[in-house]
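**Student:** One structure is given below, represented as structure tokens, and several questions about it will come after.
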Amino acid sequence: MSAQQQPQRILLYLLRRDLRLADNPIFASLKSPPFTHLLPVYIFPADQIEVSGFVASPSASSSTTPAGTAARSPYPEARSRVAGFWRCGIHRAKFLAQSVWELKQHLRTVNSDLDLRVGDIGDALRIILSGYQSDTNGSVANHIARVWMTAEEGTEERRQEHDVRRLCEEFKVGFKLWADEKYLIDDRDLPIKDARALPDVFTTFRKTVEPLREAARPVLPAPNALPPLPPFIPPHPAPFVIPTTLDGLIDALHKPLLASVLLPGAPTWPPAPAKSAYDLAGGAVAAHARIAQLVKSGAVSAYKETRNGMLGQDYSTKLSAHLALGCITARQIDAYLRDFEDARTPLGANADGYGKGENSGTSTLRFELLWRDYMRLCARKFNARLFDVHGFRGERGQHSVAWKYLSHPFRWSAERDGLSRDTSGDTNGETTQAVLRFLSGRTGNGLVDASQRELFLTGYTSNRARQNVASFLAKRLGIDWRIGAEWYESCLVDHDISSNWGNWQYVAGVGNDPRGQSRAFNQVKQSFDYDPRAEYITAWLSELRPLVEGSLAGSDTILNVYQAWRLSAEDKARLGVAGEDWVEQPLAKIEWRGASTSGSRSFPQFRKGR
Ligand SMILES: Cc1cc2nc3c(=O)[nH]c(=O)nc-3n(C[C@H](O)[C@H](O)[C@H](O)COP(=O)(O)OP(=O)(O)OC[C@H]3O[C@@H](n4cnc5c(N)ncnc54)[C@H](O)[C@@H]3O)c2cc1C
């Protein structure tokens, strides 16, 4: 048998939220391959991302049924369970497309490529495996030898893994599930071997893995070359067509979303200076450029003091979306910090803290990255309870909350797919109206409304704002917190299953906050503490800007920005907000007498709290 006739041993690598070349254990393991070919594949999962925009247009002959009618997606719409939101909204869809596309380009520089597909993961993989089985071209045995993928947390993700394993058994193909290494602490270094032993309190967990500066493993190098693509790749079946440009990919993801009503009464862009705190593109290049810039400018050393900010770009790293998709790993970020702390490279040589070891900023950043690790381990421990209205705590007598539920998903969403829903509690129209106002930033609480408008328009809002928003919905309005979590899933560019659902549970008092129901944020006090000049709130609630910068600015006006229902009838008229529901009928009137009402307090060093 000549070399050309050697049987092919093809490795199929099914990429998910591990969209990077460097520090990727699967790519790193391919240095001395037993494989003749590598087929990297990314499948846009139809249950989590709406894929009907990939259906070929009716003008394309392959897209029409024999009767000449336009083809349709065989999958139900990718909607959330409780409220019927699109599961992946426009901001994350674009970010994901950019990340996938960049990896495709990077793979091309190392002798490879990324095969893009859409659909149910099992369906799509079956098409590939059976495509190879039925390929009779040439005399060389042409088949997939192994399927590898990276493990993830989340019930759907585990089901996908289960489906892939079963398919591999059916097709007699080897299967390997790799550990997800995008976290700070490697699974192999955790003091607990079974997630059930994870402490229910973060601090207890933290103490078992400190010192954090020594906790991360070294990063893995990027490959210089990879095994070539197989000569034959089964084509993507109709009715889907995969675009050949990044713009085409974004269009296909956006098309069905933009053709629907995203949110009745959605906020519109206010005039400058409101601008997105988030302007990063998806992919590893932007992620590395971002952390390098934060090191160079010294922002990492100031992180402890700035991280509770809400306005601007550099108060926090803005690396969450890249971390969520695995464009960068926590240990890569840690490596940048260590190089800076130990002056191992010139990056940051002129910045505060260079070469002086761990400082309060870099250690706080590691601490936050550990929160992300912890939330992920909670997801592993509690599994389906991550999405349960009673949370990790379960329905334990006095802890159980009488949540107000939606009686049905919104009319502007598609029909539900038959999943069970809880219809107890307050199901009248008031809850629906309150939810709609909450979503569109019209609650009457300045901080909550600014954050919700920012979120809808940009896909990002700060951690401080997220905590206040979640607390407002769950603790002040008593509304089913899962609606908030689903909205965040839809809108956030950085949505991450464990971090989003775990944090919502934490703030709603059904998760791992030891103080549970007894901790609630006072959004007015929080505004005083973190937005004392109302710069953040008025950036997004531009209607109220004259209260802080114009003729209406006065000693008592900050309180009126925080809660516009306090405005006098004359001021409402002058501002043009008379008659607005968020001004006339606030969803909550919040008492707080703890501070001077002068609004002249100096900008604080932010409080430490989570
Ligand atoms: C209700 C609610 C929902 C949230 N949903 C998400 C989500 O879907 N995805 C997500 O990545 N984060 C989520 N967070 C956590 C946090 O708000 C974001 O990680 C952070 O705001 C992202 O901005 P950053 O990258 O600039 O953060 P930085 O302040 O720069 O933090 C650095 C990194 O640490 C991690 N981190 C920081 N705080 C937390 C935290 N509380 N929990 C877990 N990880 C943390 C993130 O990976 C972040 O990128 C949520 C928080 C709340 C209160």
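For the structure tokens, the naming scheme is as follows: chains receive sequential letters (A, B, ...) according to their order of presentation, residues are indexed from 1 within each chain, and ligands are indexed from 1 in presentation order.
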If you count only C-alpha atoms, which residues fall within 9 Å of Gly283 (chain A), apart from same-chain ones fewer than 5 positions away, as a list in words?

**Tutor:**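 My list of contacting residues is Leu19, Arg20, Phe95, Leu96, Gln98, Ser99, Val100, Trp101, Glu102, Leu103, His322, Leu325, Gly326, Cys327 and Ile328 of chain A.
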
**Student:** Store the residues picked out above in a file with N, CA, C and O atoms, as a CSV table (one decimal), in the first residue's frame.

**Tutor:**
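Done, and the output landed in selection_28.csv:
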```
chain,number,residue,atom,x,y,z
A,19,LEU,N,-13.3,28.6,21.8
A,19,LEU,CA,-13.0,29.2,20.5
A,19,LEU,C,-11.6,29.9,20.5
A,19,LEU,O,-11.5,31.1,20.3
A,20,ARG,N,-10.6,29.1,20.6
A,20,ARG,CA,-9.2,29.7,20.6
A,20,ARG,C,-8.2,28.6,20.2
A,20,ARG,O,-8.5,27.4,20.3
A,95,PHE,N,-21.3,39.0,18.3
A,95,PHE,CA,-20.0,38.6,19.0
A,95,PHE,C,-19.6,37.2,18.7
A,95,PHE,O,-18.5,36.9,18.5
A,96,LEU,N,-20.6,36.3,18.8
A,96,LEU,CA,-20.3,34.9,18.5
A,96,LEU,C,-19.9,34.7,17.1
A,96,LEU,O,-18.9,34.0,16.8
A,98,GLN,N,-18.4,36.9,15.2
A,98,GLN,CA,-17.0,37.4,15.1
A,98,GLN,C,-16.0,36.4,15.6
A,98,GLN,O,-14.9,36.2,15.1
A,99,SER,N,-16.4,35.8,16.8
A,99,SER,CA,-15.4,34.9,17.4
A,99,SER,C,-15.2,33.6,16.6
A,99,SER,O,-14.1,33.2,16.4
A,100,VAL,N,-16.3,33.1,16.1
A,100,VAL,CA,-16.2,31.9,15.2
A,100,VAL,C,-15.4,32.2,14.0
A,100,VAL,O,-14.5,31.5,13.5
A,101,TRP,N,-15.7,33.4,13.4
A,101,TRP,CA,-15.1,33.7,12.1
A,101,TRP,C,-13.6,33.9,12.3
A,101,TRP,O,-12.8,33.5,11.5
A,102,GLU,N,-13.2,34.6,13.4
A,102,GLU,CA,-11.8,34.8,13.6
A,102,GLU,C,-11.1,33.5,13.8
A,102,GLU,O,-10.0,33.3,13.3
A,103,LEU,N,-11.7,32.6,14.5
A,103,LEU,CA,-11.0,31.3,14.7
A,103,LEU,C,-10.8,30.6,13.4
A,103,LEU,O,-9.8,29.9,13.1
A,322,HIS,N,-15.4,37.3,26.2
A,322,HIS,CA,-14.4,36.5,25.6
A,322,HIS,C,-14.1,35.3,26.5
A,322,HIS,O,-13.9,34.2,25.9
A,325,LEU,N,-16.9,32.6,25.9
A,325,LEU,CA,-16.8,31.8,24.6
A,325,LEU,C,-15.5,31.1,24.5
A,325,LEU,O,-15.2,30.4,23.5
A,326,GLY,N,-14.6,31.3,25.5
A,326,GLY,CA,-13.3,30.6,25.5
A,326,GLY,C,-12.4,31.2,24.5
A,326,GLY,O,-11.5,30.6,24.0
A,327,CYS,N,-12.6,32.5,24.1
A,327,CYS,CA,-11.6,33.2,23.2
A,327,CYS,C,-10.3,33.5,24.0
A,327,CYS,O,-9.3,33.6,23.4
A,328,ILE,N,-10.4,33.6,25.3
A,328,ILE,CA,-9.3,33.8,26.2
A,328,ILE,C,-9.6,32.9,27.4
A,328,ILE,O,-10.8,32.7,27.7
```

**Student:** Would you return as JSON, numbers by chain the members of region 339-375 of chain A that DSSP assigns to alpha helix (DSSP H) on this structure's backbone?

**Tutor:** {"A": [339, 340, 341, 360, 361, 362, 363, 364, 365, 366, 367, 368, 369, 370, 371, 372, 373, 374, 375]}

**Student:** Can I get the selected residues back with N, CA, C and O atoms, as a short mmCIF file (atom, residue, chain, number, x, y, z; two decimals), in the first residue's frame?

**Tutor:**
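What follows is the written file selection_24.cif:
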```cif
data_model
loop_
_atom_site.label_atom_id
_atom_site.label_comp_id
_atom_site.auth_asym_id
_atom_site.auth_seq_id
_atom_site.Cartn_x
_atom_site.Cartn_y
_atom_site.Cartn_z
N ASP A 339 3.28 38.23 34.59
CA ASP A 339 4.38 38.87 33.85
C ASP A 339 4.56 40.31 34.30
O ASP A 339 5.68 40.81 34.44
N PHE A 340 3.45 40.99 34.53
CA PHE A 340 3.47 42.39 34.96
C PHE A 340 4.02 42.48 36.40
O PHE A 340 4.91 43.29 36.69
N GLU A 341 3.49 41.65 37.27
CA GLU A 341 3.91 41.70 38.68
C GLU A 341 5.40 41.41 38.84
O GLU A 341 6.07 41.97 39.70
N SER A 360 -3.17 45.09 45.21
CA SER A 360 -4.59 44.93 45.54
C SER A 360 -5.44 44.79 44.27
O SER A 360 -6.44 44.07 44.26
N GLY A 361 -5.01 45.47 43.20
CA GLY A 361 -5.78 45.39 41.94
C GLY A 361 -5.68 44.01 41.32
O GLY A 361 -6.70 43.38 40.97
N THR A 362 -4.45 43.51 41.18
CA THR A 362 -4.29 42.22 40.51
C THR A 362 -4.87 41.09 41.37
O THR A 362 -5.45 40.14 40.84
N SER A 363 -4.73 41.22 42.69
CA SER A 363 -5.30 40.13 43.52
C SER A 363 -6.83 40.18 43.49
O SER A 363 -7.49 39.12 43.50
N THR A 364 -7.43 41.36 43.40
CA THR A 364 -8.89 41.44 43.32
C THR A 364 -9.38 40.86 41.99
O THR A 364 -10.43 40.20 41.93
N LEU A 365 -8.62 41.08 40.95
CA LEU A 365 -9.02 40.52 39.65
C LEU A 365 -8.98 38.98 39.70
O LEU A 365 -9.91 38.31 39.22
N ARG A 366 -7.96 38.44 40.33
CA ARG A 366 -7.92 36.97 40.48
C ARG A 366 -9.11 36.48 41.32
O ARG A 366 -9.70 35.44 41.04
N PHE A 367 -9.45 37.26 42.31
CA PHE A 367 -10.57 36.92 43.19
C PHE A 367 -11.87 36.86 42.37
O PHE A 367 -12.68 35.94 42.52
N GLU A 368 -12.06 37.82 41.47
CA GLU A 368 -13.28 37.82 40.64
C GLU A 368 -13.28 36.64 39.67
O GLU A 368 -14.32 36.04 39.40
N LEU A 369 -12.10 36.35 39.14
CA LEU A 369 -12.02 35.19 38.24
C LEU A 369 -12.36 33.91 39.01
O LEU A 369 -12.91 32.96 38.44
N LEU A 370 -12.04 33.90 40.29
CA LEU A 370 -12.38 32.72 41.08
C LEU A 370 -13.90 32.62 41.29
O LEU A 370 -14.46 31.53 41.35
N TRP A 371 -14.57 33.77 41.38
CA TRP A 371 -16.04 33.74 41.46
C TRP A 371 -16.63 33.01 40.25
O TRP A 371 -17.58 32.25 40.35
N ARG A 372 -16.00 33.28 39.12
CA ARG A 372 -16.47 32.62 37.90
C ARG A 372 -16.26 31.11 37.99
O ARG A 372 -17.14 30.33 37.64
N ASP A 373 -15.10 30.71 38.50
CA ASP A 373 -14.85 29.28 38.71
C ASP A 373 -15.90 28.69 39.65
O ASP A 373 -16.43 27.59 39.43
N TYR A 374 -16.18 29.45 40.71
CA TYR A 374 -17.11 28.94 41.73
C TYR A 374 -18.52 28.77 41.16
O TYR A 374 -19.19 27.76 41.39
N MET A 375 -18.96 29.77 40.40
CA MET A 375 -20.30 29.68 39.80
C MET A 375 -20.40 28.46 38.88
O MET A 375 -21.42 27.79 38.80
#
```

**Student:** Leaving out Ile192 (chain A) and any residue of its chain fewer than 5 positions from it, which residues lie within 10 Å of it when counting only C-alpha atoms, given as a ChimeraX atom specification?

**Tutor:** /A:187,197-199,205,208

**Student:** Could you write out the selected residues, including N, CA and C atoms, as an mmCIF file, in the first residue's frame?

**Tutor:**
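Writing the result to out.cif gives the following:
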```cif
data_model
loop_
_atom_site.group_PDB
_atom_site.id
_atom_site.type_symbol
_atom_site.label_atom_id
_atom_site.label_comp_id
_atom_site.auth_asym_id
_atom_site.auth_seq_id
_atom_site.Cartn_x
_atom_site.Cartn_y
_atom_site.Cartn_z
ATOM 1 N N ASP A 187 -9.379 21.650 36.872
ATOM 2 C CA ASP A 187 -10.135 20.620 37.601
ATOM 3 C C ASP A 187 -9.213 19.668 38.358
ATOM 4 N N ALA A 197 -19.252 17.864 46.925
ATOM 5 C CA ALA A 197 -18.548 18.307 48.134
ATOM 6 C C ALA A 197 -18.227 19.804 48.099
ATOM 7 N N LEU A 198 -18.648 20.497 47.043
ATOM 8 C CA LEU A 198 -18.354 21.937 46.940
ATOM 9 C C LEU A 198 -19.014 22.687 48.099
ATOM 10 N N PRO A 199 -18.241 23.509 48.834
ATOM 11 C CA PRO A 199 -18.872 24.292 49.909
ATOM 12 C C PRO A 199 -19.957 25.211 49.354
ATOM 13 N N PHE A 205 -14.938 28.009 50.034
ATOM 14 C CA PHE A 205 -14.280 27.439 48.852
ATOM 15 C C PHE A 205 -12.957 28.154 48.578
ATOM 16 N N THR A 208 -9.899 27.167 50.352
ATOM 17 C CA THR A 208 -9.315 25.856 50.027
ATOM 18 C C THR A 208 -8.405 25.919 48.800
#
```

**Student:** In terms of the shortest atom-to-atom distance over only C-alpha atoms and all ligand atoms, which of A:Gly484, A:Gly53, A:Pro234, A:Gly444 is closest to ligand 1?

**Tutor:**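 Of all the options, A:Gly484 lies closest to ligand 1.
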
**Student:** Excluding Val295 (chain A) and its own-chain neighbours fewer than 5 positions away, which residues fall within 7 Å of it when counting only C-alpha atoms? Please give them as a compact mmCIF listing (two decimals) with all heavy atoms, in the first residue's frame.

**Tutor:**
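Result written to around23.txt:
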```txt
# COMPACT_ATOMS: atom_id res chain seq x y z
N VAL A 300 -5.03 47.54 35.65
CA VAL A 300 -5.14 46.32 36.49
C VAL A 300 -4.75 46.62 37.94
O VAL A 300 -5.30 46.03 38.87
CB VAL A 300 -4.31 45.13 35.94
CG1 VAL A 300 -4.92 44.58 34.67
CG2 VAL A 300 -2.86 45.50 35.73
N LEU A 347 5.82 44.91 28.98
CA LEU A 347 4.44 45.42 28.96
C LEU A 347 4.06 45.99 30.33
O LEU A 347 4.16 45.30 31.35
CB LEU A 347 3.47 44.29 28.60
CG LEU A 347 2.03 44.71 28.32
CD1 LEU A 347 1.94 45.53 27.04
CD2 LEU A 347 1.12 43.48 28.23
N GLY A 348 3.68 47.23 30.35
CA GLY A 348 3.28 47.88 31.61
C GLY A 348 4.45 48.47 32.37
O GLY A 348 4.30 48.86 33.54
```
